[in-house]
file start-v9.cif (mmCIF, C-alpha atoms)
data_my_file
loop_
_atom_site.label_atom_id
_atom_site.label_comp_id
_atom_site.auth_asym_id
_atom_site.auth_seq_id
_atom_site.Cartn_x
_atom_site.Cartn_y
_atom_site.Cartn_z
CA MET A 1 35.68 75.29 -100.26
CA GLU A 2 33.77 72.18 -101.27
CA ARG A 3 30.83 70.90 -99.26
CA CYS A 4 30.63 67.45 -97.67
CA ARG A 5 28.88 65.08 -100.09
CA ALA A 6 27.63 62.61 -97.48
CA LYS A 7 23.91 62.14 -96.99
CA ARG A 8 22.53 62.29 -93.49
CA GLY A 9 19.46 60.48 -92.28
CA PHE A 10 17.80 57.10 -92.35
CA PHE A 11 14.05 57.48 -92.92
CA SER A 12 14.64 60.55 -95.06
CA LEU A 13 17.95 61.58 -96.54
CA ARG A 14 19.36 65.09 -96.67
CA ASP A 15 22.62 66.67 -97.75
CA CYS A 16 25.24 67.08 -95.05
CA GLY A 17 26.52 70.31 -96.55
CA GLU A 18 29.24 70.94 -93.95
CA THR A 19 32.56 72.29 -95.17
CA SER A 20 34.74 69.40 -96.33
CA VAL A 21 38.15 68.78 -94.82
CA LYS A 22 39.42 65.84 -96.85
CA GLN A 23 38.62 63.52 -99.74
CA CYS A 24 37.76 59.91 -99.02
CA ALA A 25 40.69 57.70 -100.08
CA LEU A 26 38.31 55.17 -101.64
CA CYS A 27 35.50 57.09 -103.31
CA GLY A 28 37.24 60.43 -103.65
CA ARG A 29 34.26 62.43 -102.40
CA PRO A 30 34.92 65.49 -100.26
CA MET A 31 33.94 64.82 -96.65
CA CYS A 32 33.55 66.82 -93.48
CA SER A 33 35.25 65.72 -90.26
CA HIS A 34 31.99 64.18 -89.00
CA HIS A 35 31.74 61.82 -91.98
CA LEU A 36 35.33 60.58 -92.00
CA SER A 37 35.84 57.27 -90.28
CA PRO A 38 38.11 57.41 -87.20
CA MET A 39 38.73 53.68 -87.63
CA SER A 40 40.52 54.35 -90.93
CA GLY A 41 42.56 57.17 -89.44
CA PHE A 42 40.16 59.69 -91.03
CA THR A 43 41.22 58.65 -94.52
CA ARG A 44 37.98 56.98 -95.67
CA CYS A 45 34.37 58.10 -95.35
CA LEU A 46 31.88 56.38 -93.05
CA ASP A 47 29.91 55.12 -96.06
CA CYS A 48 32.93 53.37 -97.63
CA ASP A 49 34.13 51.98 -94.30
CA GLY A 50 30.62 50.83 -93.46
CA ARG A 51 30.13 49.13 -96.82
CA ALA A 52 33.52 47.40 -96.52
CA ALA A 53 32.72 46.17 -93.01
CA GLU A 54 29.29 44.96 -94.09
CA LYS A 55 30.81 43.10 -97.05
CA GLU A 56 33.22 41.37 -94.70
CA VAL A 57 30.40 40.29 -92.38
CA VAL A 58 28.33 38.96 -95.29
CA ALA A 59 31.36 37.05 -96.65
CA GLN A 60 32.02 35.60 -93.20
CA LYS A 61 28.42 34.52 -92.80
CA SER A 62 28.51 32.66 -96.11
CA GLN A 63 31.51 30.60 -95.00
CA LYS A 64 30.99 27.33 -93.18
CA ASN A 65 32.31 27.15 -89.62
CA ALA A 66 33.09 30.84 -89.72
CA PRO A 67 33.46 32.47 -86.31
CA LYS A 68 30.43 34.34 -85.09
CA PRO A 69 30.74 38.04 -85.96
CA PRO A 70 31.15 40.30 -82.95
CA PRO A 71 27.96 41.92 -81.66
CA GLU A 72 27.10 45.24 -83.26
CA GLN A 73 28.06 48.36 -81.33
CA PRO A 74 25.75 51.21 -82.35
CA LEU A 75 27.36 53.66 -79.96
CA SER A 76 31.04 52.87 -80.26
CA ASP A 77 31.13 52.05 -83.98
CA PRO A 78 30.66 55.29 -85.97
CA THR A 79 30.01 53.32 -89.17
CA TRP A 80 27.15 51.35 -87.61
CA SER A 81 24.29 53.61 -88.75
CA HIS A 82 25.70 53.71 -92.30
CA ARG A 83 26.05 49.93 -92.35
CA TYR A 84 22.55 49.47 -91.00
CA ARG A 85 21.16 51.95 -93.51
CA ASP A 86 22.75 50.07 -96.41
CA ARG A 87 21.53 46.73 -95.08
CA TYR A 88 18.00 47.90 -94.31
CA TYR A 89 17.47 49.59 -97.67
CA SER A 90 18.62 46.48 -99.53
CA THR A 91 16.85 43.87 -97.40
CA ALA A 92 13.61 45.65 -96.48
CA GLY A 93 13.24 47.34 -99.85
CA TYR A 94 12.79 50.73 -98.24
CA ALA A 95 13.07 53.73 -100.54
CA PRO A 96 13.93 56.76 -98.41
CA ILE A 97 12.67 60.21 -99.21
CA TYR A 98 15.48 62.39 -100.44
CA ALA A 99 15.08 65.93 -99.22
CA GLY A 100 18.33 67.31 -100.58
CA TYR A 101 19.38 68.98 -103.77
CA TYR A 102 22.60 67.40 -104.96
CA TYR A 103 22.77 64.20 -106.95
CA ASP A 104 25.56 61.81 -106.10
CA SER A 105 25.96 58.59 -108.07
CA TYR A 106 27.52 57.03 -104.98
CA TYR A 107 23.99 56.54 -103.67
CA ASP A 108 22.57 55.08 -106.87
CA ARG A 109 22.06 51.78 -105.09
CA TYR A 110 19.49 53.49 -102.87
CA ASP A 111 16.11 53.56 -104.52
CA THR A 112 15.37 57.07 -103.24
CA ARG A 113 12.04 58.72 -103.79
CA SER A 114 11.66 62.35 -104.76
CA PHE A 115 14.98 62.61 -106.42
CA ASP A 116 14.84 64.87 -109.39
CA SER A 117 17.69 64.73 -111.88
CA ASP A 118 16.77 68.16 -113.19
CA MET A 119 17.23 69.63 -109.78
CA ALA A 120 20.45 67.73 -109.33
CA SER A 121 22.07 69.23 -112.33
CA ARG A 122 20.73 72.76 -111.95
CA GLY A 123 20.32 73.07 -108.22
CA PRO A 124 17.27 74.06 -106.15
CA SER A 125 16.11 76.67 -108.69
CA ALA A 126 14.96 73.84 -110.93
CA ALA A 127 12.12 73.14 -108.55
CA THR A 128 10.49 76.50 -109.24
CA GLU A 129 10.42 75.80 -112.96
CA ARG A 130 8.51 72.60 -112.61
CA GLU A 131 5.19 72.58 -114.36
CA SER A 132 3.13 70.70 -111.86
CA GLY A 133 4.50 72.38 -108.77
CA THR A 134 3.74 69.29 -106.71
CA GLY A 135 7.26 68.67 -105.59
CA LEU A 136 9.97 66.41 -106.79
CA GLY A 137 7.89 63.44 -107.81
CA ASP A 138 8.72 59.86 -107.11
CA SER A 139 11.41 58.12 -109.03
CA MET B 1 30.07 56.50 -64.27
CA THR B 2 28.85 60.00 -63.52
CA PRO B 3 26.68 60.54 -60.42
CA GLU B 4 23.65 60.83 -62.72
CA GLN B 5 24.44 57.52 -64.39
CA GLN B 6 24.90 55.90 -61.00
CA GLN B 7 21.53 57.25 -59.94
CA ILE B 8 19.86 55.90 -63.10
CA ALA B 9 21.55 52.51 -62.70
CA ALA B 10 20.32 52.32 -59.11
CA ALA B 11 16.75 53.43 -59.89
CA LYS B 12 16.69 51.60 -63.24
CA GLN B 13 14.49 54.31 -64.65
CA LEU B 14 15.56 56.75 -67.32
CA GLY B 15 13.44 59.79 -68.10
CA VAL B 16 15.23 62.42 -70.15
CA ASN B 17 14.46 65.36 -72.36
CA ARG B 18 17.72 66.70 -73.71
CA PRO B 19 19.94 66.74 -76.82
CA VAL B 20 20.20 63.33 -78.42
CA ASP B 21 24.00 63.17 -78.14
CA GLU B 22 23.78 63.77 -74.38
CA VAL B 23 21.20 60.99 -74.09
CA LEU B 24 23.44 58.61 -76.02
CA ASP B 25 26.44 59.53 -73.87
CA LEU B 26 24.32 58.73 -70.83
CA LEU B 27 23.34 55.36 -72.32
CA ARG B 28 26.93 54.57 -73.32
CA GLY B 29 27.97 54.76 -69.67
CA LEU B 30 25.04 52.58 -68.63
CA LEU B 31 25.86 49.97 -71.27
CA ASP B 32 29.48 49.82 -70.10
CA PHE B 33 28.28 49.47 -66.52
CA ASP B 34 25.91 46.64 -67.50
CA ALA B 35 28.62 44.83 -69.48
CA GLY B 36 30.98 45.13 -66.51
CA MET B 37 28.32 43.78 -64.14
CA ALA B 38 27.57 40.88 -66.50
CA ALA B 39 31.27 39.93 -66.59
CA LYS B 40 31.52 40.09 -62.79
CA ARG B 41 28.31 38.10 -62.43
CA LYS B 42 29.67 35.44 -64.77
CA LYS B 43 32.89 35.16 -62.75
CA ALA B 44 30.96 34.91 -59.48
CA GLY B 45 28.59 32.35 -61.01
CA CYS B 46 31.45 30.17 -62.24
CA SER B 47 33.21 30.42 -58.87
CA ILE B 48 30.27 28.88 -56.99
CA PRO B 49 30.48 25.30 -58.36
CA LEU B 50 34.31 25.44 -58.37
CA ALA B 51 34.36 26.39 -54.69
CA ILE B 52 31.82 23.67 -53.83
CA VAL B 53 33.77 20.99 -55.73
CA ALA B 54 37.01 22.13 -54.06
CA ALA B 55 35.31 21.96 -50.65
CA ILE B 56 34.06 18.41 -51.30
CA ILE B 57 37.48 17.25 -52.51
CA SER B 58 39.15 18.83 -49.47
CA PHE B 59 36.70 17.12 -47.10
CA ILE B 60 37.29 13.76 -48.77
CA ALA B 61 41.06 14.32 -48.65
CA SER B 62 40.89 15.26 -44.98
CA GLY B 63 39.18 11.95 -44.27
CA ASN B 64 41.99 10.02 -45.91
CA THR B 65 44.83 11.84 -44.19
CA SER B 66 45.90 12.42 -40.63
CA GLY B 67 47.78 14.89 -38.48
CA ALA B 68 48.73 18.28 -39.84
CA THR B 69 47.66 17.45 -43.40
CA LYS B 70 44.17 16.62 -42.18
CA ALA B 71 43.96 19.93 -40.33
CA ILE B 72 45.12 21.81 -43.43
CA MET B 73 42.55 20.01 -45.58
CA VAL B 74 39.75 20.85 -43.15
CA ILE B 75 40.83 24.51 -43.15
CA VAL B 76 40.91 24.50 -46.98
CA ALA B 77 37.45 22.94 -47.07
CA VAL B 78 36.05 25.56 -44.70
CA LEU B 79 37.67 28.33 -46.74
CA CYS B 80 36.16 26.87 -49.92
CA ILE B 81 32.70 26.86 -48.32
CA ALA B 82 33.22 30.48 -47.24
CA ALA B 83 34.33 31.32 -50.80
CA ALA B 84 31.21 29.61 -52.19
CA ILE B 85 28.96 31.61 -49.85
CA ALA B 86 30.77 34.84 -50.77
CA ALA B 87 30.41 34.01 -54.48
CA VAL B 88 26.66 33.40 -54.02
CA VAL B 89 26.27 36.73 -52.21
CA LEU B 90 28.25 38.55 -54.91
CA PHE B 91 26.32 36.80 -57.68
CA LEU B 92 22.99 37.87 -56.17
CA ARG B 93 24.24 41.41 -55.65
CA PHE B 94 25.47 41.68 -59.26
CA ARG B 95 22.24 40.17 -60.53
CA ALA B 96 20.23 42.76 -58.64
CA GLN B 97 22.17 45.48 -60.48
CA ASP B 98 21.52 43.93 -63.90
CA LEU B 99 19.87 46.25 -66.40
CA SER B 100 17.30 44.97 -68.86
CA ASP B 101 18.75 43.59 -72.10
CA ASN B 102 16.16 45.71 -73.89
CA LEU B 103 18.52 48.64 -73.48
CA ARG B 104 21.26 46.95 -75.50
CA VAL B 105 19.18 45.13 -78.10
CA ALA B 106 16.47 47.71 -78.78
CA ALA B 107 16.65 51.14 -77.15
CA VAL B 108 20.26 52.01 -77.93
CA PRO B 109 20.21 50.99 -81.62
CA PHE B 110 16.86 52.74 -82.10
CA LEU B 111 18.03 56.01 -80.55
CA ALA B 112 21.37 55.80 -82.39
CA LEU B 113 19.44 55.47 -85.64
CA LEU B 114 17.07 58.32 -84.76
CA ARG B 115 20.07 60.59 -84.21
CA GLU B 116 20.76 60.31 -87.96
CA ASP B 117 17.36 61.86 -88.67
CA MET B 118 17.73 64.64 -86.12
CA ASN B 119 19.51 67.95 -86.18
CA PRO B 120 22.47 67.91 -83.78
CA GLY B 121 21.48 69.51 -80.51
CA ASP B 122 17.74 68.90 -80.95
CA PRO B 123 16.13 67.46 -77.82
CA LEU B 124 14.91 63.92 -77.51
CA HIS B 125 12.39 62.82 -74.93
CA ALA B 126 12.68 59.21 -73.83
CA ASP B 127 11.41 57.13 -70.93
CA ILE B 128 13.11 53.78 -70.51
CA ASP B 129 12.33 51.28 -67.79
CA LEU B 130 15.62 49.45 -67.31
CA ARG B 131 14.28 46.83 -64.96
CA PRO B 132 14.04 43.30 -66.37
CA TYR B 133 10.50 42.22 -67.30
CA ASP B 134 10.29 39.66 -64.49
CA VAL B 135 10.40 41.97 -61.49
CA GLU B 136 7.58 41.65 -58.98
CA GLU B 137 6.07 45.06 -59.81
CA LYS B 138 5.46 44.02 -63.41
CA LYS B 139 3.77 40.72 -62.54
CA LYS B 140 0.09 40.84 -63.39
CA LYS B 141 -1.00 37.25 -62.91
CA GLN B 142 0.26 33.99 -61.52
CA SER B 143 -1.45 30.67 -62.07
CA ASP B 144 -1.83 27.98 -59.47
CA PRO B 145 0.47 24.99 -60.10
CA TYR B 146 -1.07 22.62 -62.63
CA LYS B 147 -0.19 19.42 -64.49
CA LYS B 148 0.18 19.02 -68.22
CA GLY B 149 1.72 16.09 -70.09
CA VAL B 150 4.97 14.92 -68.52
CA TYR B 151 5.22 18.04 -66.39
CA TYR B 152 3.75 17.49 -62.94
CA LYS B 153 4.09 21.14 -61.98
CA ILE B 154 3.72 24.17 -64.18
CA ILE B 155 3.43 27.73 -62.92
CA ASP B 156 2.62 30.50 -65.40
CA ARG B 157 3.43 34.12 -64.63
CA LEU B 158 2.25 36.98 -66.81
CA TYR B 159 4.23 40.21 -66.82
CA LEU B 160 3.24 43.53 -68.35
CA ASP B 161 6.22 45.66 -69.29
CA PRO B 162 5.61 49.08 -70.86
CA TRP B 163 9.32 49.77 -70.99
CA PHE B 164 10.00 52.24 -73.76
CA SER B 165 8.34 55.44 -74.93
CA GLY B 166 9.42 58.78 -76.24
CA SER B 167 9.00 61.57 -78.70
CA VAL B 168 11.16 63.63 -80.96
CA ALA B 169 11.02 66.21 -83.73
CA LEU B 170 12.99 64.97 -86.74
CA ALA B 171 15.11 67.15 -89.01
CA ASP B 172 12.45 67.13 -91.75
CA GLY B 173 9.87 68.58 -89.34
CA THR B 174 8.08 65.28 -88.69
CA LYS B 175 7.03 64.69 -85.10
CA LEU B 176 7.48 61.15 -83.89
CA HIS B 177 6.02 59.46 -80.82
CA TRP B 178 6.61 55.83 -79.98
CA LYS B 179 5.62 53.37 -77.30
CA VAL B 180 6.57 49.76 -76.70
CA ILE B 181 4.61 47.43 -74.41
CA GLU B 182 5.55 43.82 -73.84
CA HIS B 183 3.45 41.02 -72.40
CA VAL B 184 5.68 38.18 -71.28
CA LEU B 185 4.32 34.80 -70.23
CA LYS B 186 6.92 32.90 -68.24
CA SER B 187 6.25 29.21 -67.57
CA ASP B 188 8.29 27.30 -65.01
CA LYS B 189 7.90 23.59 -65.81
CA THR B 190 9.06 20.71 -63.65
CA LYS B 191 9.10 17.03 -64.57
CA LYS B 192 10.44 13.74 -63.27
CA THR B 193 12.50 11.71 -65.71
CA SER B 194 12.28 7.92 -66.05
CA ARG B 195 15.45 7.69 -63.93
CA GLY B 196 13.79 9.64 -61.16
CA LYS B 197 15.67 12.90 -61.67
CA ILE B 198 13.74 16.15 -61.27
CA LYS B 199 14.28 18.54 -64.14
CA SER B 200 13.01 22.09 -64.46
CA LYS B 201 12.98 24.50 -67.33
CA THR B 202 11.65 27.96 -68.00
CA LYS B 203 9.98 28.98 -71.23
CA ILE B 204 8.85 32.43 -72.22
CA LYS B 205 6.34 33.69 -74.73
CA ARG B 206 6.69 37.33 -75.60
CA LYS B 207 4.07 39.54 -77.21
CA THR B 208 5.50 42.91 -78.19
CA ILE B 209 3.24 45.77 -79.15
CA ALA B 210 4.80 48.82 -80.76
CA VAL B 211 2.83 51.97 -81.52
CA VAL B 212 4.24 54.80 -83.59
CA THR B 213 2.62 58.17 -84.31
CA LEU B 214 4.06 60.29 -87.09
CA GLY B 215 2.98 63.89 -87.57
CA PHE B 216 4.11 64.87 -91.06
CA PRO B 217 4.28 68.62 -91.79
CA VAL B 218 1.81 69.31 -94.62
CA LYS B 219 4.18 71.85 -96.14
CA GLU B 220 6.68 69.09 -96.80
CA TYR B 221 4.62 65.96 -97.28
CA VAL B 222 1.42 64.78 -98.91
CA MET B 223 -0.33 61.65 -97.68
CA LYS B 224 -0.79 59.17 -100.52
CA GLU B 225 -3.88 57.63 -98.94
CA ALA B 226 -6.60 59.41 -97.01
CA GLY B 227 -7.55 56.62 -94.58
CA ASP B 228 -6.71 56.75 -90.86
CA VAL B 229 -5.09 60.16 -91.08
CA GLU B 230 -5.79 62.98 -88.65
CA ARG B 231 -5.27 66.37 -90.18
CA ASP B 232 -4.94 69.89 -88.92
CA GLU B 233 -3.51 73.04 -90.48
CA LYS B 234 0.08 72.05 -89.89
CA ARG B 235 0.21 68.29 -89.78
CA ALA B 236 -1.13 65.06 -91.15
CA THR B 237 -0.84 62.54 -88.35
CA VAL B 238 -0.85 58.81 -88.80
CA THR B 239 -0.73 56.17 -86.07
CA LEU B 240 0.64 52.74 -86.82
CA ALA B 241 0.80 49.71 -84.56
CA ARG B 242 2.22 46.22 -84.81
CA LYS B 243 2.08 43.15 -82.63
CA VAL B 244 4.73 40.43 -82.77
CA LYS B 245 4.70 37.16 -80.87
CA THR B 246 7.99 35.40 -80.22
CA ASN B 247 9.58 33.00 -77.77
CA GLN B 248 13.00 34.62 -78.07
CA ALA B 249 14.71 36.11 -75.05
CA ASP B 250 15.56 39.33 -76.88
CA SER B 251 12.91 41.95 -77.57
CA PRO B 252 12.08 42.49 -81.26
CA ALA B 253 11.15 46.13 -80.51
CA PHE B 254 14.00 47.73 -82.48
CA GLY B 255 13.08 46.12 -85.79
CA MET B 256 9.38 46.76 -85.16
CA LEU B 257 9.85 50.46 -84.51
CA VAL B 258 12.08 50.91 -87.56
CA ASP B 259 9.60 49.02 -89.78
CA LEU B 260 6.65 51.05 -88.46
CA ILE B 261 8.33 54.40 -89.06
CA ALA B 262 9.46 53.25 -92.52
CA GLU B 263 5.86 52.21 -93.21
CA GLY B 264 4.70 55.69 -92.20
CA TYR B 265 7.19 57.30 -94.56
CA LYS B 266 6.07 55.00 -97.35
CA ARG B 267 2.61 56.58 -97.07
CA VAL B 268 3.81 60.07 -97.92
CA SER B 269 5.36 61.79 -100.87
CA VAL B 270 7.14 65.10 -101.00
CA ALA B 271 5.08 68.28 -101.40
CA ARG B 272 7.88 70.75 -101.25
CA GLU B 273 7.89 73.80 -103.46
CA ALA B 274 11.02 75.87 -103.74
#

call {"tool": "encode", "arguments": {"input": "start-v9.cif", "output": "structure tokens"}}
result
Amino acid sequence: MERCRAKRGFFSLRDCGETSVKQCALCGRPMCSHHLSPMSGFTRCLDCDGRAAEKEVVAQKSQKNAPKPPPEQPLSDPTWSHRYRDRYYSTAGYAPIYAGYYYDSYYDRYDTRSFDSDMASRGPSAATERESGTGLGDS
Amino acid sequence: MTPEQQQIAAAKQLGVNRPVDEVLDLLRGLLDFDAGMAAKRKKAGCSIPLAIVAAIISFIASGNTSGATKAIMVIVAVLCIAAAIAAVVLFLRFRAQDLSDNLRVAAVPFLALLREDMNPGDPLHADIDLRPYDVEEKKKKQSDPYKKGVYYKIIDRLYLDPWFSGSVALADGTKLHWKVIEHVLKSDKTKKTSRGKIKSKTKIKRKTIAVVTLGFPVKEYVMKEAGDVERDEKRATVTLARKVKTNQADSPAFGMLVDLIAEGYKRVSVAREA
């Protein structure tokens, strides 16, 4: 059974790693039940739904006389933290520390630190073979 | 609301140390309660002038009519006055139950974001003062009325509001403590216009101080810079603070806390060895 490919976290990212139940209809990544968006009928992942919602808000804001977007609902909108993460990383220029092992090009837009392509392709064992032994190194 | 939520809403003090999802469930109920109270307060507030206008119209109409119609108009006017009084009482009662907007604009988004960096089921300790900043207990100073420019009466009130603090252990082993203190200067200004009308307005100046302490586990992280770091065998601890002045009604605490923690993380790099 495949593992969920979503990344958890905000200040530091880590692999979700739960058992996947479905593939996201948009990005095709395997996702666990926690990372599928209830608003899409559990067909899309929270990342894709969040990015789509954020795009809509940005497009609305750029229009003249556009209606004010509804206030954000951190507790009732499960995509909120994913939307905020995307927005914060792009606007504040924050590069989160990645503490996981599995590379996913879906997150290429995040300028993560500590990601090691060697480790991504060969798994955690790659870390032991590193010469310096000082960790993953900044990207 | 659950009995616990009712108790918190009545006391307007939240002090919890329990799994983050339970804390957020607790806050969800409080937010719904606050939104419901705000809607009721708005209705009651709008009813007051409507009832007064209706009472005035009824009184005027009663003066221009006679017999049974006059009696009916007087009764309607009295009922409208009673409705206005009831609306004022309800408005004041709903206002007394109002929770601080800081909960909605800062505490809830911050805790919802922290949940992403926590392991499910890990405890979160948070103390939130849900009273608005301008309650009597938080007033530290009040000036005597003074004149300035066109304003013939200005009264300044200074409030000290240490409303939000807490601590948590994040999923990466980092220990986080935070504290938010707000100093709010509220000025009630009154002036007389050239037409003789008396106009009043209230202005606020808000100084928000956020302090964040991050204890990074030395097994996982290396501090990039040595300055201002406390070290022991297990942790490298850094304390960061920021002060923001604004005249906005909403607290900027959420953005400040997120920026401070991000700044802390920018100071470290990974030291993990497999």

call {"tool": "resolve_selection", "arguments": {"input": "start-v9.cif", "expression": "the PyMOL selection byres ((chain B) within 8 of (chain A))", "output": "list in words"}}
result
Leu24, Arg28, Val108, Pro109, Ala112, Leu113, Leu114, Glu116, Asp117, Met118, Asp172, Ile261, Ala262, Tyr265, Lys266, Ser269, Val270, Ala271, Arg272, Glu273 and Ala274 of chain B

call {"tool": "residues_near_point", "arguments": {"input": "start-v9.cif", "point": "(11.4, 49.4, -85.7)", "cutoff": "10 Å", "atoms": "all atoms listed in the file", "output": "count of residues only"}}
result
20

call {"tool": "residues_around", "arguments": {"input": "start-v9.cif", "residues": "stretch 139-150 of chain B", "least_positions_apart": "3", "cutoff": "10 Å", "atoms": "only C-alpha atoms", "output": "ChimeraX atom specification"}}
result
/B:133-136,153-161,183-193

call {"tool": "closest_residue", "arguments": {"input": "start-v9.cif", "among": "A:Asp86, A:Asp104, A:Asp111, A:Glu18", "to": "A:Asp47", "atoms": "all atoms listed in the file"}}
result
A:Asp86

call {"tool": "atom_distance", "arguments": {"input": "start-v9.cif", "atom1": "atom CA of A:Gly93", "atom2": "atom CA of A:Asp15"}}
result
21.6 Å

call {"tool": "resolve_selection", "arguments": {"input": "start-v9.cif", "expression": "the PyMOL selection byres ((chain A and resi 53) around 12)", "output": "list of chain:residue names"}}
result
A:Ser37, A:Met39, A:Ser40, A:Leu46, A:Asp47, A:Cys48, A:Asp49, A:Gly50, A:Arg51, A:Ala52, A:Glu54, A:Lys55, A:Glu56, A:Val57, A:Val58, A:Ala59, A:Gln60, A:Pro69, A:Pro70, A:Glu72, A:Asp77, A:Pro78, A:Thr79, A:Trp80, A:His82, A:Arg83, A:Tyr84, A:Asp86, A:Arg87

call {"tool": "write_last_selection", "arguments": {"input": "start-v9.cif", "atoms": "C-alpha atoms", "output": "tab-separated table (two decimals), keeping the file's coordinate frame"}}
result
chain	number	residue	atom	x	y	z
A	37	SER	CA	35.84	57.27	-90.28
A	39	MET	CA	38.73	53.68	-87.63
A	40	SER	CA	40.52	54.35	-90.93
A	46	LEU	CA	31.88	56.38	-93.05
A	47	ASP	CA	29.91	55.12	-96.06
A	48	CYS	CA	32.93	53.37	-97.63
A	49	ASP	CA	34.13	51.98	-94.30
A	50	GLY	CA	30.62	50.83	-93.46
A	51	ARG	CA	30.13	49.13	-96.82
A	52	ALA	CA	33.52	47.40	-96.52
A	54	GLU	CA	29.29	44.96	-94.09
A	55	LYS	CA	30.81	43.10	-97.05
A	56	GLU	CA	33.22	41.37	-94.70
A	57	VAL	CA	30.40	40.29	-92.38
A	58	VAL	CA	28.33	38.96	-95.29
A	59	ALA	CA	31.36	37.05	-96.65
A	60	GLN	CA	32.02	35.60	-93.20
A	69	PRO	CA	30.74	38.04	-85.96
A	70	PRO	CA	31.15	40.30	-82.95
A	72	GLU	CA	27.10	45.24	-83.26
A	77	ASP	CA	31.13	52.05	-83.98
A	78	PRO	CA	30.66	55.29	-85.97
A	79	THR	CA	30.01	53.32	-89.17
A	80	TRP	CA	27.15	51.35	-87.61
A	82	HIS	CA	25.70	53.71	-92.30
A	83	ARG	CA	26.05	49.93	-92.35
A	84	TYR	CA	22.55	49.47	-91.00
A	86	ASP	CA	22.75	50.07	-96.41
A	87	ARG	CA	21.53	46.73	-95.08

call {"tool": "residues_near_point", "arguments": {"input": "start-v9.cif", "point": "(30.9, 68.2, -93.1)", "cutoff": "8 Å", "atoms": "all atoms listed in the file", "output": "list in words"}}
result
Arg3, Cys4, Arg5, Ala6, Cys16, Gly17, Glu18, Thr19, Ser20, Val21, Met31, Cys32, Ser33, His34 and His35 of chain A

call {"tool": "atom_distance", "arguments": {"input": "start-v9.cif", "atom1": "atom CA of B:Glu233", "atom2": "atom CA of B:Tyr221"}}
result
12.7 Å

call {"tool": "atom_distance", "arguments": {"input": "start-v9.cif", "atom1": "atom CA of B:Lys175", "atom2": "atom CA of A:Tyr107"}}
result
26.4 Å

call {"tool": "closest_residue", "arguments": {"input": "start-v9.cif", "among": "B:Asp129, B:Pro120, B:Gly45, B:Asn64", "to": "B:Phe91", "atoms": "all atoms listed in the file"}}
result
B:Gly45

call {"tool": "axis_aligned_box", "arguments": {"input": "start-v9.cif", "around": "stretch 99-104 of chain A", "padding_each_side": "6 Å", "output": "lines of an AutoDock Vina configuration file"}}
result
center_x = 20.3
center_y = 65.4
center_z = -103.1
size_x = 22.5
size_y = 19.2
size_z = 19.7

call {"tool": "residues_around", "arguments": {"input": "start-v9.cif", "residues": "B:Cys46", "least_positions_apart": "5", "cutoff": "10 Å", "atoms": "only C-alpha atoms", "output": "compact mmCIF listing (two decimals) with C-alpha atoms, in the frame of the given file"}}
result
# COMPACT_ATOMS: atom_id res chain seq x y z
CA LYS B 40 31.52 40.09 -62.79
CA ARG B 41 28.31 38.10 -62.43
CA ALA B 51 34.36 26.39 -54.69
CA ALA B 87 30.41 34.01 -54.48
CA PHE B 91 26.32 36.80 -57.68

call {"tool": "build_atoms", "arguments": {"input": "start-v9.cif", "residues": "stretch 226-236 of chain B", "atoms": "N, CA and C atoms", "output": "PDB file, keeping the file's coordinate frame"}}
result
ATOM      1  N   ALA B 226      -5.873  58.554 -97.966  1.00  0.00           N
ATOM      2  CA  ALA B 226      -6.600  59.410 -97.010  1.00  0.00           C
ATOM      3  C   ALA B 226      -6.942  58.686 -95.711  1.00  0.00           C
ATOM      4  N   GLY B 227      -7.049  57.378 -95.740  1.00  0.00           N
ATOM      5  CA  GLY B 227      -7.550  56.620 -94.580  1.00  0.00           C
ATOM      6  C   GLY B 227      -6.701  56.750 -93.338  1.00  0.00           C
ATOM      7  N   ASP B 228      -7.378  56.753 -92.174  1.00  0.00           N
ATOM      8  CA  ASP B 228      -6.710  56.750 -90.860  1.00  0.00           C
ATOM      9  C   ASP B 228      -5.729  57.895 -90.661  1.00  0.00           C
ATOM     10  N   VAL B 229      -6.004  59.013 -91.235  1.00  0.00           N
ATOM     11  CA  VAL B 229      -5.090  60.160 -91.080  1.00  0.00           C
ATOM     12  C   VAL B 229      -5.823  61.297 -90.377  1.00  0.00           C
ATOM     13  N   GLU B 230      -5.234  61.799 -89.316  1.00  0.00           N
ATOM     14  CA  GLU B 230      -5.790  62.980 -88.650  1.00  0.00           C
ATOM     15  C   GLU B 230      -5.103  64.204 -89.231  1.00  0.00           C
ATOM     16  N   ARG B 231      -5.882  65.190 -89.557  1.00  0.00           N
ATOM     17  CA  ARG B 231      -5.270  66.370 -90.180  1.00  0.00           C
ATOM     18  C   ARG B 231      -5.594  67.626 -89.387  1.00  0.00           C
ATOM     19  N   ASP B 232      -4.652  68.529 -89.354  1.00  0.00           N
ATOM     20  CA  ASP B 232      -4.940  69.890 -88.920  1.00  0.00           C
ATOM     21  C   ASP B 232      -4.193  70.815 -89.890  1.00  0.00           C
ATOM     22  N   GLU B 233      -4.122  72.080 -89.545  1.00  0.00           N
ATOM     23  CA  GLU B 233      -3.510  73.040 -90.480  1.00  0.00           C
ATOM     24  C   GLU B 233      -2.059  72.728 -90.778  1.00  0.00           C
ATOM     25  N   LYS B 234      -1.371  72.225 -89.748  1.00  0.00           N
ATOM     26  CA  LYS B 234       0.080  72.050 -89.890  1.00  0.00           C
ATOM     27  C   LYS B 234       0.503  70.626 -90.211  1.00  0.00           C
ATOM     28  N   ARG B 235      -0.282  69.661 -89.698  1.00  0.00           N
ATOM     29  CA  ARG B 235       0.210  68.290 -89.780  1.00  0.00           C
ATOM     30  C   ARG B 235      -0.839  67.290 -90.240  1.00  0.00           C
ATOM     31  N   ALA B 236      -0.321  66.247 -90.872  1.00  0.00           N
ATOM     32  CA  ALA B 236      -1.130  65.060 -91.150  1.00  0.00           C
ATOM     33  C   ALA B 236      -0.542  63.962 -90.263  1.00  0.00           C
TER      34      ALA B 236
END
